[in-house]
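Trainee: Sending over target03.txt (compact mmCIF, C-alpha atoms).
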```txt
# COMPACT_ATOMS: atom_id res chain seq x y z
CA MET H 295 155.26 12.53 147.50
CA ALA H 296 152.05 13.62 145.82
CA PHE H 297 150.04 11.16 143.79
CA THR H 298 147.69 13.37 141.91
CA LEU H 299 145.70 10.81 140.01
CA ARG H 300 146.77 7.49 141.41
CA SER H 301 146.11 6.70 145.00
CA VAL H 302 148.53 4.53 146.85
CA LYS H 303 146.18 1.76 147.08
CA VAL H 304 146.01 0.23 150.49
CA PRO H 305 148.20 -0.46 153.45
CA PRO H 306 151.22 -1.99 151.82
CA ASN H 307 150.80 -5.37 153.44
CA SER H 308 149.38 -8.11 151.34
CA ALA H 309 148.18 -10.94 153.46
CA SER H 310 148.98 -13.64 150.98
CA LEU H 311 150.38 -14.32 147.59
CA GLU H 312 146.86 -14.45 146.18
CA GLU H 313 146.09 -10.95 147.36
CA ALA H 314 149.38 -9.69 145.99
CA ARG H 315 148.55 -11.36 142.69
CA SER H 316 145.17 -9.66 142.44
CA ARG H 317 146.85 -6.36 143.28
CA VAL H 318 149.27 -6.89 140.42
CA PHE H 319 146.39 -7.42 138.02
CA ASP H 320 144.64 -4.30 139.33
CA PHE H 321 147.80 -2.32 138.76
CA PHE H 322 148.15 -3.71 135.26
CA LYS H 323 144.56 -2.79 134.46
CA ALA H 324 145.02 0.73 135.83
CA ALA H 325 148.14 1.14 133.70
CA CYS H 326 146.41 -0.14 130.56
CA ARG H 327 143.45 2.16 131.14
CA SER H 328 145.75 5.17 131.33
CA ILE H 329 147.56 4.29 128.09
CA PRO H 330 145.31 6.50 125.90
CA ALA H 331 146.05 9.47 128.16
CA ILE H 332 149.76 8.74 128.00
CA MET H 333 149.72 8.50 124.22
CA ASP H 334 147.97 11.84 124.15
CA ILE H 335 150.27 13.62 126.60
CA TYR H 336 153.51 12.57 124.97
CA ASN H 337 152.33 12.45 121.34
CA LEU H 338 153.36 8.85 120.90
CA ASP H 339 150.85 8.06 118.18
CA ASP H 340 153.38 7.79 115.38
CA VAL H 341 155.99 6.03 117.45
CA VAL H 342 154.20 3.16 119.09
CA THR H 343 150.79 1.54 119.22
CA LYS H 344 148.66 0.89 122.30
CA SER H 345 149.06 -2.84 122.02
CA GLN H 346 152.84 -2.48 121.97
CA LEU H 347 152.69 -0.41 125.14
CA ARG H 348 150.44 -3.01 126.73
CA SER H 349 152.93 -5.74 125.85
CA THR H 350 155.75 -3.64 127.23
CA ILE H 351 153.97 -3.16 130.54
CA ALA H 352 153.18 -6.86 130.67
CA SER H 353 156.80 -7.80 130.05
CA GLU H 354 157.96 -5.42 132.76
CA ILE H 355 155.61 -7.11 135.18
CA ARG H 356 156.71 -10.51 133.96
CA LYS H 357 160.36 -9.69 134.68
CA ASN H 358 159.51 -9.89 138.37
CA SER H 359 157.19 -12.84 138.13
CA HIS H 360 159.58 -15.13 139.96
CA VAL H 361 159.13 -13.26 143.24
CA THR H 362 157.27 -15.18 145.94
CA ASN H 363 157.48 -12.90 148.97
CA PRO H 364 154.26 -10.81 149.20
CA LYS H 365 156.09 -7.91 150.84
CA VAL H 366 158.55 -7.69 147.99
CA ILE H 367 155.68 -7.77 145.54
CA ASP H 368 154.04 -4.92 147.48
CA LEU H 369 157.16 -2.86 147.23
CA LEU H 370 157.49 -3.53 143.50
CA LEU H 371 153.86 -2.51 143.07
CA PHE H 372 154.49 0.67 145.02
CA LYS H 373 157.38 1.54 142.74
CA GLY H 374 155.27 0.69 139.73
CA MET H 375 152.45 2.94 140.90
CA GLU H 376 154.93 5.71 141.53
CA GLU H 377 156.33 5.36 138.01
CA LEU H 378 152.87 5.29 136.50
CA GLY H 379 151.85 8.36 138.50
CA ASN H 380 154.93 10.21 137.35
CA ILE H 381 154.26 9.40 133.73
CA VAL H 382 150.58 10.33 133.87
CA GLU H 383 151.16 13.66 135.59
CA HIS H 384 153.68 14.60 132.91
CA ALA H 385 156.63 14.59 135.25
CA LYS H 386 158.61 12.76 132.59
CA GLN H 387 159.39 13.81 129.05
CA ARG H 388 158.89 12.19 125.71
CA HIS H 389 162.44 10.95 125.34
CA HIS H 390 162.23 9.25 128.73
CA ILE H 391 159.17 7.33 127.68
CA ILE H 392 160.57 6.44 124.29
CA GLY H 393 163.92 5.37 125.67
CA GLN H 394 162.53 3.35 128.53
CA TYR H 395 159.44 1.76 127.10
CA VAL H 396 159.52 1.89 123.34
CA LEU H 397 163.05 1.34 122.12
CA GLY H 398 165.78 -0.88 123.34
CA ARG H 399 163.58 -3.69 124.57
CA GLN H 400 166.38 -6.12 123.81
CA GLY H 401 168.92 -4.35 125.95
CA LEU H 402 170.32 -0.92 126.54
CA VAL H 403 169.30 1.87 124.20
CA GLN H 404 172.89 2.77 123.52
CA ASP H 405 173.45 -0.65 122.03
CA LEU H 406 171.26 0.23 119.08
CA ASP H 407 173.95 2.31 117.40
CA THR H 408 175.61 1.03 114.27
CA LYS H 409 179.04 1.27 115.79
CA ASP H 410 178.30 -1.61 118.11
CA GLU H 411 176.79 -3.89 115.51
CA GLY H 412 179.81 -6.03 114.86
CA MET H 413 180.89 -6.28 118.46
CA SER H 414 181.26 -9.74 119.90
CA ASP H 415 178.80 -11.06 122.44
CA PHE H 416 181.58 -11.50 124.94
CA LEU H 417 182.34 -7.79 124.85
CA LYS H 418 178.67 -6.86 125.10
CA ASN H 419 178.24 -9.00 128.20
CA PHE H 420 181.48 -7.67 129.58
CA TYR H 421 180.33 -4.10 129.25
CA LYS H 422 177.04 -4.88 130.88
CA SER H 423 178.17 -6.50 134.08
CA ASN H 424 180.81 -8.44 135.94
CA TYR H 425 178.93 -11.67 136.07
CA PHE H 426 178.04 -13.61 132.97
CA MET V 135 103.84 35.94 172.95
CA ALA V 136 105.46 32.72 171.85
CA ALA V 137 102.53 30.74 173.23
CA VAL V 138 100.09 32.80 171.16
CA ARG V 139 102.25 32.28 168.11
CA GLY V 140 102.48 28.56 168.75
CA ALA V 141 98.72 28.26 169.22
CA LEU V 142 98.09 30.22 166.04
CA LEU V 143 100.46 28.07 164.01
CA LYS V 144 98.97 24.90 165.40
CA HIS V 145 95.60 26.07 164.35
CA LEU V 146 96.78 26.93 160.89
CA ARG V 147 98.77 23.78 160.39
CA VAL V 148 97.47 21.63 157.60
CA ASN V 149 97.80 17.92 157.75
CA ALA V 150 99.77 16.54 154.90
CA THR V 151 99.20 12.95 153.96
CA ALA V 152 101.76 11.04 151.98
CA LEU V 153 100.46 10.04 148.59
CA PRO V 154 100.49 6.33 148.00
CA ARG V 155 103.53 5.77 145.76
CA ASN V 156 102.65 4.29 142.46
CA PRO V 157 104.95 1.33 142.18
CA ASN V 158 106.63 1.60 138.82
CA PRO V 159 106.27 -1.62 136.95
CA ILE V 160 109.94 -1.67 136.03
CA ASN V 161 111.22 -5.05 135.18
CA ASN V 162 114.88 -5.64 135.33
CA GLY V 163 114.76 -7.22 131.93
CA ILE V 164 116.91 -5.61 129.33
CA PHE V 165 114.07 -4.84 126.98
CA ALA V 166 111.82 -2.95 129.45
CA LEU V 167 111.73 0.73 128.69
CA THR V 168 111.96 2.88 131.79
CA PHE V 169 110.30 6.25 132.19
CA ASN V 170 113.65 7.92 131.79
CA ALA V 171 114.37 6.10 128.61
CA ILE V 172 111.10 7.24 127.10
CA CYS V 173 111.68 10.83 128.18
CA ARG V 174 115.22 10.94 126.94
CA GLY V 175 114.35 9.03 123.86
CA PHE V 176 116.36 11.36 121.72
CA SER V 177 119.63 10.52 123.39
CA ASP V 178 121.24 7.38 122.13
CA GLU V 179 123.43 6.71 125.12
CA VAL V 180 120.48 6.04 127.42
CA LYS V 181 118.90 3.33 125.39
CA GLY V 182 122.14 1.67 124.52
CA SER V 183 122.39 -0.69 121.65
CA PHE V 184 123.46 -4.25 121.57
CA LEU V 185 125.96 -5.33 119.02
CA ASP V 186 125.31 -8.17 116.67
CA LYS V 187 126.81 -11.39 118.00
CA SER V 188 128.53 -12.44 114.78
CA GLU V 189 130.09 -9.01 114.41
CA VAL V 190 131.29 -9.21 118.00
CA THR V 191 132.73 -12.65 117.37
CA ASP V 192 134.64 -11.42 114.33
CA ARG V 193 136.07 -8.45 116.15
CA VAL V 194 137.06 -10.50 119.19
CA ILE V 195 138.77 -13.11 117.03
CA SER V 196 140.69 -10.45 115.12
CA VAL V 197 141.85 -8.86 118.37
CA VAL V 198 143.02 -12.22 119.69
CA LYS V 199 144.78 -13.05 116.44
CA ASN V 200 146.68 -9.77 116.50
CA PHE V 201 148.07 -10.65 119.89
CA GLN V 202 151.72 -11.52 119.37
CA LYS V 203 151.86 -14.46 121.71
CA VAL V 204 148.94 -16.21 120.08
CA ASP V 205 149.26 -18.64 117.21
CA PRO V 206 146.60 -17.46 114.74
CA SER V 207 145.83 -20.96 113.50
CA LYS V 208 144.71 -22.08 116.93
CA VAL V 209 142.19 -19.31 117.38
CA ALA V 210 138.69 -20.73 117.30
CA PRO V 211 135.46 -19.46 118.84
CA ASP V 212 135.63 -22.02 121.61
CA ALA V 213 139.31 -21.56 122.35
CA HIS V 214 140.25 -21.31 125.98
CA PHE V 215 142.92 -18.67 126.60
CA GLN V 216 145.01 -20.66 129.02
CA ASN V 217 144.35 -24.23 127.98
CA ASP V 218 144.19 -23.98 124.19
CA LEU V 219 146.12 -20.85 123.34
CA GLY V 220 148.83 -21.33 125.94
CA LEU V 221 148.55 -17.91 127.57
CA ASP V 222 149.18 -17.33 131.25
CA SER V 223 147.01 -15.28 133.60
CA LEU V 224 148.76 -12.00 132.85
CA ASP V 225 148.27 -12.59 129.12
CA THR V 226 144.59 -13.29 129.74
CA VAL V 227 144.24 -9.96 131.54
CA GLU V 228 146.07 -8.30 128.65
CA VAL V 229 143.67 -9.81 126.11
CA VAL V 230 140.70 -8.61 128.17
CA MET V 231 142.21 -5.11 128.25
CA ALA V 232 142.69 -5.24 124.48
CA LEU V 233 139.00 -6.15 124.13
CA GLU V 234 138.10 -3.28 126.45
CA GLU V 235 139.98 -0.94 124.17
CA GLU V 236 138.45 -2.40 121.01
CA PHE V 237 134.88 -2.07 122.21
CA GLY V 238 135.37 1.14 124.13
CA PHE V 239 133.80 0.30 127.49
CA GLU V 240 135.13 -0.74 130.87
CA ILE V 241 134.74 -4.30 132.02
CA PRO V 242 134.44 -4.51 135.81
CA ASP V 243 136.97 -6.65 137.63
CA ASN V 244 134.68 -9.40 138.84
CA GLU V 245 133.34 -9.93 135.32
CA ALA V 246 136.76 -9.77 133.76
CA ASP V 247 137.96 -12.66 135.91
CA LYS V 248 135.29 -14.90 134.50
CA ILE V 249 136.27 -14.32 130.88
CA SER V 250 138.51 -17.25 130.13
CA THR V 251 137.40 -18.30 126.67
CA ILE V 252 136.55 -16.45 123.49
CA ASN V 253 132.91 -17.55 123.74
CA LEU V 254 132.50 -16.07 127.20
CA ALA V 255 134.01 -12.82 125.98
CA VAL V 256 131.63 -12.68 123.02
CA GLU V 257 128.60 -13.36 125.21
CA PHE V 258 129.61 -10.75 127.75
CA ILE V 259 130.22 -8.07 125.15
CA ALA V 260 127.08 -8.86 123.20
CA SER V 261 124.98 -8.50 126.35
CA HIS V 262 126.47 -5.17 127.32
CA PRO V 263 124.71 -2.09 125.98
CA GLN V 264 127.71 0.18 126.17
CA ALA V 265 129.76 -1.79 123.69
CA LYS V 266 130.55 0.25 120.60
```
Please render this file's structure as structure tokens.

Mentor:
Amino acid sequence: MAFTLRSVKVPPNSASLEEARSRVFDFFKAACRSIPAIMDIYNLDDVVTKSQLRSTIASEIRKNSHVTNPKVIDLLLFKGMEELGNIVEHAKQRHHIIGQYVLGRQGLVQDLDTKDEGMSDFLKNFYKSNYF
Amino acid sequence: MAAVRGALLKHLRVNATALPRNPNPINNGIFALTFNAICRGFSDEVKGSFLDKSEVTDRVISVVKNFQKVDPSKVAPDAHFQNDLGLDSLDTVEVVMALEEEFGFEIPDNEADKISTINLAVEFIASHPQAK
């Protein structure tokens, strides 16, 4: 597993929740600082703005904000760094970035089609998972 | 043979005394011009320029107002990000990153943690020569 630009930051053992928290902020800052490069690599200038990408990254981090175990947070950070490294070294393609981080923030990208517009909420939840 | 050579070299050796170093009267004040700055006076990046405080205030306030989670009517120069504007710590980091992008220079981590109100942000940026 080669991280060309991002280094896997430290032994993956945060001593406390505070340390894990500061690591999360460091990761967020690293991601935000690489946004201009990402916009340049994938030509996203006419699709999304930098502040939208920042908000997207923040909301992704916020999705896991309920976690209290520092080891779980370390693992999530590791996966985040891996994803960021992949994006920055152009291992992904434009449609990946657009589908995962630009469109479909309310749900799955396939739900944006017009054919599903009139579908009932019950059916939408049913298609998504067993438990709702 | 080596002894003759050694004796000859010892005879020819010249004593070198270290010149007393002229202590450069460099103050650490922002307005002291260093030798380098005078020499490279033609390059703008060395001298740096400080932005006007009111201009900085306007730009900071516009960046904060454009932030989606912020209510524009509550934005005032003495607004505290977490207490007055209701942002959490991740949002504060995001605002600081947006300011980094707006002014085009990197804010080091230890300084970024201290920025918790708009006034502190304005003071920090206005005192930084790399702000654009």

Trainee: State, in Å with one decimal place, the distance from CA of Thr226 in chain V to CA of Ser250 in chain V.

Mentor: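 Interatomic distance, CA of Thr226 in chain V to CA of Ser250 in chain V: 7.3 Å.
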
Trainee: As an exercise, work out the distance from CA of Gln387 in chain H to CA of Ser349 in chain H in Å and give it to one decimal place.

Mentor: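 CA of Ser349 in chain H lies 20.8 Å from CA of Gln387 in chain H.
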
Trainee: Could the residues of chain H within 8 Å of chain V, counting all atoms listed in the file, be given as a list of chain:residue names, please?

Mentor: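 Per the criterion, chain H yields H:Phe319, H:Lys323, H:Cys326, H:Arg327, H:Ser345, H:Arg348, H:Ser349, H:Ala352.
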
Trainee: For range 356-365 of chain H, please output as a PyMOL selection string all residues within 7 Å (counting all atoms listed in the file; exclusion window: fewer than 5 positions along the same chain).

Mentor: chain H and resi 307-308+310-311+314

Trainee: Quick one: pull the distance between CA of His389 in chain H and CA of Ser353 in chain H, Å, one decimal.

Mentor: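 One can read the CA of His389 in chain H to CA of Ser353 in chain H distance as 20.1 Å.
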
Trainee: Quick one: of V:Leu142, V:Ala260, V:Phe237, V:Ile249, who's nearest to Ala213 in chain V, counting all atoms listed in the file?

Mentor: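 Smallest distance to Ala213 in chain V is found for V:Ile249.
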
Trainee: Provide an axis-aligned box for all listed atoms of range 221-233 of chain V, padding each side by 5 Å; report its centre and its edge lengths in Å to one decimal, as JSON.

Mentor:
```
{"center_x": 144.1, "center_y": -11.5, "center_z": 128.9, "size_x": 20.2, "size_y": 22.8, "size_z": 19.5}
```

Trainee: At a cut-off of 12 Å, using all atoms listed in the file, what residues contact Arg388 in chain H? Leave out same-chain residues fewer than 6 positions from it and give the result as a PyMOL selection string.

Mentor: chain H and resi 332-339+341+381-382+394-396

Trainee: Which of these, V:Lys187, V:Lys199, V:Lys266, V:His145, has the shortest distance to Glu236 in chain V once you count all atoms listed in the file?

Mentor: V:Lys266

Trainee: Env of Leu254 in chain V: 12 Å cut, atoms = all atoms listed in the file, seq-sep filter 5 positions within chain, self excluded. Answer as a compact mmCIF listing (two decimals) with C-alpha atoms, in the frame of the given file.

Mentor:
```txt
# COMPACT_ATOMS: atom_id res chain seq x y z
CA LYS V 187 126.81 -11.39 118.00
CA VAL V 190 131.29 -9.21 118.00
CA THR V 191 132.73 -12.65 117.37
CA VAL V 194 137.06 -10.50 119.19
CA PRO V 211 135.46 -19.46 118.84
CA ASP V 212 135.63 -22.02 121.61
CA ALA V 213 139.31 -21.56 122.35
CA HIS V 214 140.25 -21.31 125.98
CA PHE V 215 142.92 -18.67 126.60
CA VAL V 230 140.70 -8.61 128.17
CA GLU V 245 133.34 -9.93 135.32
CA ALA V 246 136.76 -9.77 133.76
CA ASP V 247 137.96 -12.66 135.91
CA LYS V 248 135.29 -14.90 134.50
CA ILE V 249 136.27 -14.32 130.88
CA ILE V 259 130.22 -8.07 125.15
CA ALA V 260 127.08 -8.86 123.20
CA SER V 261 124.98 -8.50 126.35
```

Trainee: Starting from the incomplete input, reconstruct all heavy atoms of range 336-347 of chain H and report them as a short mmCIF file (atom, residue, chain, number, x, y, z; two decimals), keeping the file's coordinate frame.

Mentor:
```cif
data_model
loop_
_atom_site.label_atom_id
_atom_site.label_comp_id
_atom_site.auth_asym_id
_atom_site.auth_seq_id
_atom_site.Cartn_x
_atom_site.Cartn_y
_atom_site.Cartn_z
N TYR H 336 152.16 12.55 125.52
CA TYR H 336 153.51 12.57 124.97
C TYR H 336 153.55 12.44 123.46
O TYR H 336 154.61 12.26 122.88
CB TYR H 336 154.33 11.42 125.59
CG TYR H 336 154.50 11.55 127.06
CD1 TYR H 336 153.72 10.84 127.94
CD2 TYR H 336 155.46 12.41 127.59
CE1 TYR H 336 153.87 10.96 129.30
CE2 TYR H 336 155.62 12.52 128.94
CZ TYR H 336 154.82 11.80 129.80
OH TYR H 336 154.99 11.92 131.15
N ASN H 337 152.39 12.51 122.81
CA ASN H 337 152.33 12.45 121.34
C ASN H 337 153.03 11.23 120.79
O ASN H 337 153.91 11.32 119.94
CB ASN H 337 152.97 13.69 120.71
CG ASN H 337 152.23 14.94 121.11
OD1 ASN H 337 151.03 14.92 121.24
ND2 ASN H 337 152.97 16.01 121.32
N LEU H 338 152.65 10.06 121.31
CA LEU H 338 153.36 8.85 120.90
C LEU H 338 152.68 8.14 119.76
O LEU H 338 153.03 7.02 119.44
CB LEU H 338 153.42 7.89 122.10
CG LEU H 338 154.22 8.36 123.30
CD1 LEU H 338 154.03 7.38 124.43
CD2 LEU H 338 155.67 8.43 122.94
N ASP H 339 151.67 8.80 119.13
CA ASP H 339 150.85 8.06 118.18
C ASP H 339 151.61 7.55 116.98
O ASP H 339 151.28 6.52 116.42
CB ASP H 339 149.72 8.97 117.68
CG ASP H 339 148.68 9.17 118.76
OD1 ASP H 339 148.38 8.17 119.41
OD2 ASP H 339 148.21 10.29 118.93
N ASP H 340 152.67 8.28 116.56
CA ASP H 340 153.38 7.79 115.38
C ASP H 340 154.62 7.00 115.75
O ASP H 340 155.40 6.63 114.89
CB ASP H 340 153.74 8.96 114.46
CG ASP H 340 154.03 10.21 115.24
OD1 ASP H 340 153.87 10.18 116.47
OD2 ASP H 340 154.38 11.22 114.63
N VAL H 341 154.80 6.77 117.05
CA VAL H 341 155.99 6.03 117.45
C VAL H 341 155.65 4.61 117.87
O VAL H 341 156.38 3.67 117.58
CB VAL H 341 156.67 6.76 118.64
CG1 VAL H 341 157.87 5.99 119.12
CG2 VAL H 341 157.07 8.15 118.22
N VAL H 342 154.51 4.47 118.53
CA VAL H 342 154.20 3.16 119.09
C VAL H 342 152.69 3.00 119.11
O VAL H 342 151.95 3.98 119.09
CB VAL H 342 154.79 3.07 120.52
CG1 VAL H 342 154.00 3.89 121.49
CG2 VAL H 342 154.90 1.64 120.99
N THR H 343 152.23 1.77 119.14
CA THR H 343 150.79 1.54 119.22
C THR H 343 150.42 1.13 120.64
O THR H 343 151.28 0.75 121.44
CB THR H 343 150.35 0.42 118.29
OG1 THR H 343 150.92 -0.80 118.74
CG2 THR H 343 150.76 0.69 116.88
N LYS H 344 149.11 1.21 120.95
CA LYS H 344 148.66 0.89 122.30
C LYS H 344 148.96 -0.55 122.66
O LYS H 344 149.31 -0.85 123.79
CB LYS H 344 147.16 1.15 122.41
CG LYS H 344 146.81 2.60 122.34
CD LYS H 344 145.35 2.84 122.59
CE LYS H 344 145.10 4.31 122.39
NZ LYS H 344 144.00 4.63 121.54
N SER H 345 148.83 -1.44 121.66
CA SER H 345 149.06 -2.84 122.02
C SER H 345 150.53 -3.08 122.32
O SER H 345 150.88 -3.91 123.16
CB SER H 345 148.57 -3.77 120.91
OG SER H 345 149.16 -3.41 119.71
N GLN H 346 151.42 -2.33 121.65
CA GLN H 346 152.84 -2.48 121.97
C GLN H 346 153.11 -2.01 123.38
O GLN H 346 153.88 -2.64 124.13
CB GLN H 346 153.69 -1.66 121.00
CG GLN H 346 153.88 -2.33 119.67
CD GLN H 346 154.58 -1.43 118.68
OE1 GLN H 346 154.32 -0.24 118.64
NE2 GLN H 346 155.44 -2.00 117.89
N LEU H 347 152.48 -0.90 123.78
CA LEU H 347 152.69 -0.41 125.14
C LEU H 347 152.16 -1.41 126.15
O LEU H 347 152.77 -1.64 127.20
CB LEU H 347 152.02 0.93 125.33
CG LEU H 347 152.81 2.15 124.87
CD1 LEU H 347 152.02 3.40 125.14
CD2 LEU H 347 154.14 2.20 125.55
#
```
